[in-house]
$ cat protein36.csv   # CSV, C-alpha atoms
chain,number,residue,atom,x,y,z
A,1,MET,CA,33.2,3.2,-38.7
A,2,SER,CA,29.9,4.4,-40.1
A,3,ALA,CA,27.5,2.2,-42.1
A,4,ASN,CA,28.0,4.4,-45.2
A,5,ARG,CA,31.8,3.9,-45.0
A,6,ARG,CA,31.4,0.1,-44.6
A,7,ARG,CA,29.0,0.0,-47.7
A,8,ASN,CA,31.4,2.1,-49.8
A,9,ASP,CA,34.3,-0.1,-48.8
A,10,ALA,CA,32.3,-3.2,-49.9
A,11,ILE,CA,31.5,-1.7,-53.3
A,12,PHE,CA,35.1,-0.6,-53.8
A,13,TRP,CA,36.5,-4.0,-53.1
A,14,GLY,CA,33.8,-5.7,-55.1
A,15,LEU,CA,34.6,-3.6,-58.2
A,16,ALA,CA,38.3,-4.1,-57.6
A,17,TRP,CA,37.8,-7.8,-57.5
A,18,THR,CA,35.6,-7.8,-60.7
A,19,LEU,CA,38.3,-5.8,-62.5
A,20,ALA,CA,41.1,-7.9,-61.2
A,21,SER,CA,39.3,-11.2,-62.1
A,22,SER,CA,38.5,-9.8,-65.6
A,23,MET,CA,42.1,-8.9,-66.3
A,24,PRO,CA,43.2,-12.5,-67.1
A,25,VAL,CA,40.3,-12.9,-69.5
A,26,PHE,CA,41.3,-9.8,-71.4
A,27,TRP,CA,44.8,-11.0,-71.4
A,28,LEU,CA,43.8,-14.4,-72.8
A,29,LYS,CA,41.5,-12.7,-75.4
A,30,THR,CA,44.2,-10.4,-76.6
A,31,SER,CA,47.0,-12.9,-76.6
A,32,MET,CA,45.1,-15.9,-78.0
A,33,GLY,CA,43.0,-14.0,-80.5
A,34,GLY,CA,40.4,-16.8,-80.7
A,35,PRO,CA,37.0,-17.0,-79.2
A,36,LEU,CA,36.9,-17.6,-75.4
A,37,SER,CA,36.0,-21.1,-74.3
A,38,LEU,CA,32.8,-21.9,-72.4
A,39,GLY,CA,34.8,-22.5,-69.3
A,40,VAL,CA,36.2,-19.1,-69.3
A,41,LEU,CA,32.9,-17.5,-70.1
A,42,ILE,CA,31.3,-19.3,-67.2
A,43,GLY,CA,34.3,-19.1,-64.9
A,44,LEU,CA,34.6,-15.3,-65.2
A,45,PRO,CA,31.2,-14.4,-63.7
A,46,ALA,CA,31.6,-17.3,-61.2
A,47,VAL,CA,35.0,-16.0,-60.0
A,48,SER,CA,33.6,-12.5,-59.9
A,49,ALA,CA,30.5,-13.7,-58.0
A,50,ILE,CA,32.6,-15.7,-55.5
A,51,GLY,CA,34.6,-12.6,-54.9
A,52,TRP,CA,31.5,-10.4,-54.5
A,53,GLY,CA,30.1,-13.1,-52.2
A,54,ALA,CA,33.2,-13.1,-50.0
A,55,ILE,CA,33.2,-9.3,-49.9
A,56,LEU,CA,29.5,-9.1,-49.1
A,57,ALA,CA,29.9,-11.8,-46.4
A,58,HIS,CA,32.7,-9.9,-44.9
A,59,ALA,CA,30.7,-6.6,-45.0
A,60,LEU,CA,27.8,-8.3,-43.4
A,61,ARG,CA,30.0,-9.7,-40.6
A,62,ARG,CA,31.3,-6.2,-40.0
A,63,GLU,CA,27.7,-4.9,-39.9
A,64,GLU,CA,26.8,-7.6,-37.5
A,65,ARG,CA,29.7,-6.8,-35.2
A,66,ALA,CA,28.9,-3.1,-35.3
A,67,MET,CA,25.3,-3.8,-34.4
A,68,GLU,CA,26.2,-6.1,-31.6
A,69,ALA,CA,28.5,-3.4,-30.2
A,70,ALA,CA,25.7,-0.8,-30.5
A,71,LEU,CA,23.2,-3.1,-28.8
A,72,ALA,CA,25.6,-3.9,-26.0
A,73,ALA,CA,26.3,-0.2,-25.5
A,74,ALA,CA,22.5,0.5,-25.6
A,75,GLY,CA,21.8,-2.3,-23.2
A,76,GLY,CA,24.4,-1.1,-20.8
A,77,ALA,CA,23.0,2.4,-21.1
A,78,SER,CA,19.4,1.4,-20.4
A,79,SER,CA,20.5,-0.8,-17.5
A,80,THR,CA,22.5,2.1,-16.1
A,81,ALA,CA,19.5,4.4,-16.6
A,82,ILE,CA,17.1,2.0,-14.9
A,83,ASP,CA,19.5,1.6,-12.0
A,84,GLY,CA,19.9,5.3,-11.6
A,85,MET,CA,16.2,6.0,-11.8
A,86,ALA,CA,15.5,3.2,-9.3
A,87,GLN,CA,18.1,4.6,-6.9
A,88,VAL,CA,16.6,8.1,-7.1
A,89,MET,CA,13.1,6.7,-6.5
A,90,THR,CA,14.3,4.6,-3.5
A,91,GLU,CA,15.9,7.6,-1.9
A,92,GLN,CA,12.7,9.7,-2.5
A,93,MET,CA,10.5,6.9,-1.0
A,94,GLN,CA,12.7,6.6,2.0
A,95,CYS,CA,12.5,10.4,2.5
A,96,ALA,CA,8.7,10.2,2.2
A,97,CYS,CA,8.6,7.4,4.7
A,98,LYS,CA,10.6,9.4,7.2
A,99,GLU,CA,8.4,12.5,6.6
A,100,LEU,CA,5.3,10.3,7.2
A,101,GLN,CA,6.8,9.0,10.4
A,102,ARG,CA,7.5,12.6,11.5
A,103,VAL,CA,3.8,13.5,10.8
A,104,ASP,CA,2.8,10.5,12.8
A,105,ASP,CA,5.0,11.4,15.7
A,106,LEU,CA,3.7,15.0,15.6
A,107,LEU,CA,0.1,13.7,15.6
A,108,GLY,CA,0.9,11.5,18.5
A,109,HIS,CA,2.4,14.4,20.5
A,110,ALA,CA,-0.6,16.7,19.6
A,111,ILE,CA,-3.2,14.0,20.5
A,112,GLY,CA,-1.4,13.4,23.8
A,113,GLN,CA,-1.8,17.1,24.7
A,114,LEU,CA,-5.4,17.2,23.5
A,115,LEU,CA,-6.3,14.1,25.5
A,116,ALA,CA,-4.7,15.5,28.6
A,117,ALA,CA,-6.8,18.7,28.2
A,118,PHE,CA,-9.9,16.7,27.4
A,119,THR,CA,-9.6,14.6,30.5
A,120,SER,CA,-9.5,17.7,32.6
A,121,VAL,CA,-12.3,19.5,30.8
A,122,SER,CA,-14.6,16.6,30.1
A,123,GLU,CA,-15.0,15.8,33.8
A,124,GLN,CA,-16.0,19.4,34.5
A,125,ALA,CA,-18.3,19.4,31.5
A,126,ARG,CA,-19.9,16.2,32.6
A,127,ALA,CA,-20.4,17.6,36.1
A,128,HIS,CA,-21.8,20.8,34.6
A,129,GLU,CA,-24.1,18.8,32.4
A,130,ASN,CA,-25.4,16.8,35.4
A,131,GLU,CA,-26.0,20.0,37.4
A,132,LEU,CA,-27.9,21.5,34.5
A,133,ALA,CA,-30.0,18.4,34.0
A,134,GLN,CA,-30.8,18.3,37.8
A,135,ALA,CA,-31.7,21.9,37.7
A,136,ALA,CA,-33.9,21.4,34.7
A,137,VAL,CA,-35.8,18.6,36.5
A,138,ALA,CA,-36.2,20.9,39.5
A,139,ALA,CA,-37.5,23.7,37.3
A,140,GLN,CA,-39.7,21.4,35.2
A,141,GLY,CA,-42.6,23.0,33.5
A,142,THR,CA,-41.1,26.5,33.6
A,143,ALA,CA,-39.4,28.4,30.8
A,144,GLY,CA,-36.2,28.3,32.9
A,145,GLY,CA,-36.4,24.5,33.1
A,146,ASP,CA,-36.6,24.3,29.3
A,147,ARG,CA,-33.5,26.5,28.9
A,148,LEU,CA,-31.6,24.5,31.5
A,149,ARG,CA,-32.5,21.2,29.7
A,150,ALA,CA,-31.4,22.7,26.4
A,151,ALA,CA,-28.2,23.9,28.0
A,152,ALA,CA,-27.5,20.4,29.4
A,153,GLN,CA,-28.2,18.8,26.1
A,154,ARG,CA,-25.9,21.3,24.4
A,155,VAL,CA,-23.0,20.5,26.8
A,156,ALA,CA,-23.6,16.7,26.3
A,157,GLY,CA,-23.6,17.3,22.5
A,158,GLU,CA,-20.3,19.2,22.7
A,159,VAL,CA,-18.6,16.5,24.8
A,160,ASN,CA,-19.9,13.8,22.4
A,161,GLY,CA,-18.6,15.8,19.4
A,162,ALA,CA,-15.2,16.1,21.1
A,163,VAL,CA,-15.1,12.3,21.8
A,164,THR,CA,-15.8,11.6,18.1
A,165,ALA,CA,-13.3,14.2,16.8
A,166,LEU,CA,-10.5,13.0,19.2
A,167,GLN,CA,-10.6,9.6,17.5
A,168,PHE,CA,-8.9,11.2,14.5
A,169,ARG,CA,-5.5,10.0,15.7
A,170,ASP,CA,-6.4,6.4,15.1
A,171,VAL,CA,-8.0,7.0,11.8
A,172,VAL,CA,-5.2,9.1,10.5
A,173,GLY,CA,-2.6,6.9,12.0
A,174,GLN,CA,-3.9,3.8,10.1
A,175,LYS,CA,-4.1,5.8,6.9
A,176,LEU,CA,-0.4,6.9,7.3
A,177,ALA,CA,0.6,3.3,8.1
A,178,HIS,CA,-1.1,2.1,5.0
A,179,VAL,CA,0.7,4.7,2.8
A,180,ARG,CA,4.0,3.8,4.4
A,181,SER,CA,3.5,0.1,3.6
A,182,GLU,CA,2.6,1.1,0.0
A,183,LEU,CA,5.9,3.0,-0.2
A,184,VAL,CA,7.9,0.1,1.2
A,185,ALA,CA,6.2,-2.3,-1.3
A,186,LEU,CA,7.0,0.1,-4.2
A,187,ASP,CA,10.6,0.3,-3.0
A,188,GLN,CA,10.8,-3.5,-3.0
A,189,ALA,CA,9.4,-3.5,-6.5
A,190,MET,CA,12.0,-1.0,-7.7
A,191,GLN,CA,14.7,-3.1,-6.1
A,192,ALA,CA,13.5,-6.1,-8.1
A,193,ILE,CA,13.5,-4.1,-11.3
A,194,ARG,CA,17.1,-3.0,-10.6
A,195,ASP,CA,18.1,-6.6,-10.0
A,196,ALA,CA,16.3,-7.6,-13.2
A,197,SER,CA,18.0,-4.9,-15.2
A,198,ALA,CA,21.4,-6.1,-14.0
A,199,GLN,CA,20.6,-9.8,-14.6
A,200,CYS,CA,18.3,-10.0,-17.6
A,201,ALA,CA,19.3,-9.9,-21.3
A,202,ARG,CA,18.1,-6.7,-23.0
A,203,ALA,CA,15.3,-8.5,-24.9
A,204,GLU,CA,14.0,-10.1,-21.6
A,205,LEU,CA,14.1,-6.9,-19.6
A,206,ALA,CA,10.8,-5.2,-20.8
A,207,PRO,CA,8.6,-8.3,-20.2
A,208,ARG,CA,10.3,-8.9,-16.8
A,209,VAL,CA,9.7,-5.3,-15.7
A,210,LYS,CA,6.1,-5.5,-16.9
A,211,GLY,CA,5.7,-8.7,-14.9
A,212,LEU,CA,7.2,-7.2,-11.7
A,213,LEU,CA,4.9,-4.1,-12.0
A,214,GLN,CA,1.9,-6.4,-12.4
A,215,GLN,CA,3.0,-8.4,-9.3
A,216,TRP,CA,3.3,-5.1,-7.4
A,217,GLN,CA,-0.2,-4.0,-8.5
A,218,GLN,CA,-1.7,-7.3,-7.5
A,219,ALA,CA,0.0,-7.3,-4.1
A,220,ARG,CA,-1.3,-3.9,-3.3
A,221,ALA,CA,-3.8,-4.1,-0.4
A,222,ALA,CA,-6.9,-1.9,-0.3
A,223,GLY,CA,-6.5,0.9,2.3
A,224,PRO,CA,-8.2,0.0,5.5
A,225,VAL,CA,-9.5,3.5,6.0
A,226,ARG,CA,-12.2,4.8,3.7
A,227,GLN,CA,-13.5,7.6,5.8
A,228,GLU,CA,-13.1,11.0,4.2
A,229,LEU,CA,-14.4,13.0,7.1
A,230,MET,CA,-14.6,12.5,10.8
A,231,HIS,CA,-18.3,11.7,10.8
A,232,ALA,CA,-19.4,8.9,13.0
A,233,GLY,CA,-19.1,5.5,11.2
A,234,GLU,CA,-21.8,3.0,10.4
A,235,ILE,CA,-23.0,0.3,12.8
A,236,GLU,CA,-24.1,-3.1,11.8
A,237,LEU,CA,-25.4,-5.8,14.2
A,238,PHE,CA,-25.2,-9.3,12.8
B,1,MET,CA,-23.6,-4.4,40.1
B,2,ALA,CA,-22.2,-2.6,37.1
B,3,LYS,CA,-21.8,-4.7,33.9
B,4,SER,CA,-18.2,-5.1,32.8
B,5,ILE,CA,-16.9,-4.3,29.4
B,6,LEU,CA,-13.4,-5.3,28.0
B,7,ALA,CA,-12.2,-2.6,25.6
B,8,VAL,CA,-9.3,-3.8,23.4
B,9,ASP,CA,-7.4,-1.4,21.3
B,10,ASP,CA,-3.8,-0.6,20.6
B,11,SER,CA,-4.6,3.1,20.4
B,12,ALA,CA,-4.5,4.8,23.8
B,13,SER,CA,-6.8,7.6,22.5
B,14,ILE,CA,-9.5,5.2,21.4
B,15,ARG,CA,-9.3,3.3,24.7
B,16,GLN,CA,-9.6,6.6,26.6
B,17,MET,CA,-12.6,7.7,24.5
B,18,VAL,CA,-14.3,4.3,24.9
B,19,ALA,CA,-13.6,4.2,28.7
B,20,PHE,CA,-14.8,7.8,29.1
B,21,THR,CA,-18.1,7.0,27.2
B,22,LEU,CA,-18.8,3.7,28.9
B,23,LYS,CA,-17.8,4.7,32.4
B,24,GLY,CA,-20.0,7.8,32.1
B,25,ALA,CA,-22.9,5.5,31.5
B,26,GLY,CA,-22.1,3.4,34.6
B,27,TYR,CA,-20.2,0.5,33.1
B,28,GLU,CA,-17.0,-1.0,34.5
B,29,VAL,CA,-14.3,-0.8,31.8
B,30,ILE,CA,-11.3,-3.1,31.6
B,31,GLU,CA,-8.7,-2.0,29.0
B,32,ALA,CA,-6.3,-4.2,26.9
B,33,VAL,CA,-3.7,-3.1,24.4
B,34,ASP,CA,-4.0,-5.9,21.8
B,35,GLY,CA,-5.5,-9.3,21.2
B,36,VAL,CA,-3.1,-11.2,23.3
B,37,ASP,CA,-3.6,-8.9,26.3
B,38,GLY,CA,-7.4,-8.9,25.7
B,39,LEU,CA,-7.5,-12.7,25.6
B,40,ALA,CA,-5.5,-12.9,28.8
B,41,LYS,CA,-7.7,-10.4,30.6
B,42,ALA,CA,-10.9,-12.1,29.3
B,43,LYS,CA,-9.7,-15.4,30.7
B,44,SER,CA,-8.7,-14.0,34.1
B,45,GLN,CA,-12.0,-12.1,34.5
B,46,ALA,CA,-15.3,-13.0,32.8
B,47,VAL,CA,-16.7,-9.8,31.3
B,48,ASP,CA,-20.2,-9.1,30.0
B,49,LEU,CA,-19.2,-7.5,26.7
B,50,VAL,CA,-16.0,-7.4,24.6
B,51,LEU,CA,-15.4,-4.3,22.4
B,52,THR,CA,-12.3,-4.8,20.2
B,53,ASP,CA,-10.4,-3.2,17.5
B,54,GLN,CA,-9.4,-5.3,14.4
B,55,ASN,CA,-5.9,-4.1,13.4
B,56,MET,CA,-3.6,-4.6,16.3
B,57,PRO,CA,-0.1,-5.9,16.8
B,58,ARG,CA,0.6,-9.4,18.0
B,59,MET,CA,-3.1,-10.6,17.6
B,60,ASP,CA,-5.8,-8.9,15.6
B,61,GLY,CA,-9.4,-8.6,16.7
B,62,LEU,CA,-10.9,-11.4,14.6
B,63,SER,CA,-8.2,-13.9,15.8
B,64,MET,CA,-9.1,-12.9,19.4
B,65,VAL,CA,-12.8,-13.3,18.7
B,66,ARG,CA,-12.2,-16.8,17.3
B,67,ALA,CA,-10.1,-17.7,20.4
B,68,LEU,CA,-12.8,-16.3,22.8
B,69,ARG,CA,-15.6,-18.2,21.1
B,70,LEU,CA,-13.8,-21.4,22.1
B,71,LEU,CA,-14.0,-20.5,25.8
B,72,PRO,CA,-17.1,-21.5,27.6
B,73,ASP,CA,-17.7,-18.1,29.2
B,74,TYR,CA,-17.6,-16.4,25.7
B,75,ARG,CA,-19.6,-18.8,23.5
B,76,THR,CA,-22.6,-16.5,23.5
B,77,ALA,CA,-21.2,-13.3,25.1
B,78,PRO,CA,-21.6,-10.2,22.9
B,79,ILE,CA,-18.4,-9.2,21.1
B,80,LEU,CA,-18.4,-6.0,19.1
B,81,ILE,CA,-15.7,-5.0,16.6
B,82,LEU,CA,-14.8,-1.3,16.6
B,83,THR,CA,-12.6,-0.6,13.7
B,84,THR,CA,-11.6,1.8,10.9
B,85,GLU,CA,-12.2,-1.0,8.4
B,86,SER,CA,-15.6,-0.8,6.7
B,87,GLY,CA,-15.2,-3.3,3.8
B,88,ASP,CA,-17.9,-5.9,3.2
B,89,THR,CA,-15.3,-8.7,3.1
B,90,MET,CA,-14.0,-7.7,6.5
B,91,LYS,CA,-17.5,-7.6,7.9
B,92,SER,CA,-18.3,-11.0,6.5
B,93,ASN,CA,-15.1,-12.3,8.1
B,94,GLY,CA,-16.2,-10.7,11.4
B,95,ARG,CA,-19.5,-12.4,11.2
B,96,ALA,CA,-17.9,-15.7,10.4
B,97,ALA,CA,-15.5,-15.4,13.3
B,98,GLY,CA,-18.4,-14.9,15.7
B,99,ALA,CA,-18.6,-11.2,16.2
B,100,THR,CA,-22.0,-9.8,17.3
B,101,GLY,CA,-21.7,-6.5,15.5
B,102,TRP,CA,-19.4,-4.2,13.5
B,103,LEU,CA,-18.9,-0.5,14.4
B,104,VAL,CA,-16.9,1.7,12.1
B,105,LYS,CA,-14.7,4.4,13.8
B,106,PRO,CA,-15.0,7.1,14.7
B,107,PHE,CA,-17.8,6.2,17.0
B,108,ASP,CA,-20.5,8.5,18.2
B,109,PRO,CA,-20.8,8.1,22.0
B,110,THR,CA,-24.6,8.2,22.0
B,111,ARG,CA,-24.9,5.5,19.3
B,112,LEU,CA,-22.2,3.4,20.9
B,113,LEU,CA,-24.2,3.4,24.2
B,114,GLU,CA,-27.3,2.5,22.3
B,115,VAL,CA,-25.7,-0.5,20.8
B,116,VAL,CA,-24.0,-1.6,24.0
B,117,ARG,CA,-27.4,-1.4,25.9
B,118,LYS,CA,-29.0,-3.4,23.1
B,119,VAL,CA,-26.5,-6.2,23.0
B,120,LEU,CA,-26.3,-6.4,26.8
B,121,GLY,CA,-30.1,-6.8,26.9

$ encode --input "protein36.csv" --output "structure tokens"
Amino acid sequence: MSANRRRNDAIFWGLAWTLASSMPVFWLKTSMGGPLSLGVLIGLPAVSAIGWGAILAHALRREERAMEAALAAAGGASSTAIDGMAQVMTEQMQCACKELQRVDDLLGHAIGQLLAAFTSVSEQARAHENELAQAAVAAQGTAGGDRLRAAAQRVAGEVNGAVTALQFRDVVGQKLAHVRSELVALDQAMQAIRDASAQCARAELAPRVKGLLQQWQQARAAGPVRQELMHAGEIELF
Amino acid sequence: MAKSILAVDDSASIRQMVAFTLKGAGYEVIEAVDGVDGLAKAKSQAVDLVLTDQNMPRMDGLSMVRALRLLPDYRTAPILILTTESGDTMKSNGRAAGATGWLVKPFDPTRLLEVVRKVLG
């Protein structure tokens, strides 16, 4: 029943009561002919007011019940909505974790192949570098000697560059592990929100969710990896 | 006689790169896969230098450093942390634990050798 209908009903019954309670007064006035007593004059509005009061109280109770029903429905709807949203997010986060694991596995496979190739090539490169360096010493003071020394340094530089670059597996792996742990923590926070939506009263839900999100934010650890590029890192001796 | 270096890292690629760099410079390299393994190998064979990662399973680098510093052979031995972590707090923790230096990955072989030579005297 709509609020307008409930209001109209209350007005109708109030007027009906007023009319009904006035009827005896008119009957008394017409049958007795004399002036109405003070008791009747006071009693008529009192009876009318009591009637109106009862009708309004009844109307208010109906409004209250309607509002409670609406709130219960809204509470159930919001709880269901939070539950559904959390479920979707959990599934998405689990998918993301699996994808990250696949990336990690692919990286592991790729680095395994790269390292095997590096092991083979680096020994040859180092031997080549040594030969060039020895030849440069033998040809010291000549233009050829300078060229050989430059070539030896170039080979050494290339090998060093490869050694630095091949450490990307560790750096990227730690970054992936950090992202995965963040996703797991977010998943746990969503689970806590789902539990809260099922357990808390509607009025308590918003502050509870806010508190859970704050807890999650505070628990977040800074990523261990800050490197943006594979440049050699800093060194500090204590 | 070649000086011995214990390289502790759960990443096989890092261990391989460290070993390649140090062996190329004439050092003997002993490898360990985490703090527990590193501590066991350090106890079984005294090494001249320990080069360890921080984030490892079972026992992290700083815990291993603290444990090593309690052993007579490692009270003053150089211990370097080689890690992806570059935060000031972590470095302070490393210094407090007794580490000799902090190297952020990825390392440059030439600079790593410079530091190793310096701390080994």

$ interface_residues --input "protein36.csv" --of "chain A" --to "chain B" --cutoff "12 Å" --atoms "only C-alpha atoms" --output "PyMOL selection string"
chain A and resi 107-116+118-120+122-123+125-127+129-130+153+156-175+177-178+222-238

$ atom_distance --input "protein36.csv" --atom1 "atom CA of B:Val116" --atom2 "atom CA of B:Tyr74"
16.2 Å

$ closest_residue --input "protein36.csv" --among "B:Met64, B:Ala19, B:Val50, B:Leu113" --to "B:Val36" --atoms "only C-alpha atoms"
B:Met64

$ atom_distance --input "protein36.csv" --atom1 "atom CA of A:Ile11" --atom2 "atom CA of A:Arg61"
15.1 Å

$ atom_distance --input "protein36.csv" --atom1 "atom CA of A:Arg180" --atom2 "atom CA of A:Gln101"
8.4 Å

$ residues_near_point --input "protein36.csv" --point "(-9.9, -13.6, 29.3)" --cutoff "12 Å" --atoms "all atoms listed in the file" --output "PyMOL selection string"
chain B and resi 5-8+30-32+35-50+64-65+67-74

$ closest_residue --input "protein36.csv" --among "A:Ala117, A:Val209, A:Val103, A:Val47" --to "A:Asp195" --atoms "only C-alpha atoms"
A:Val209
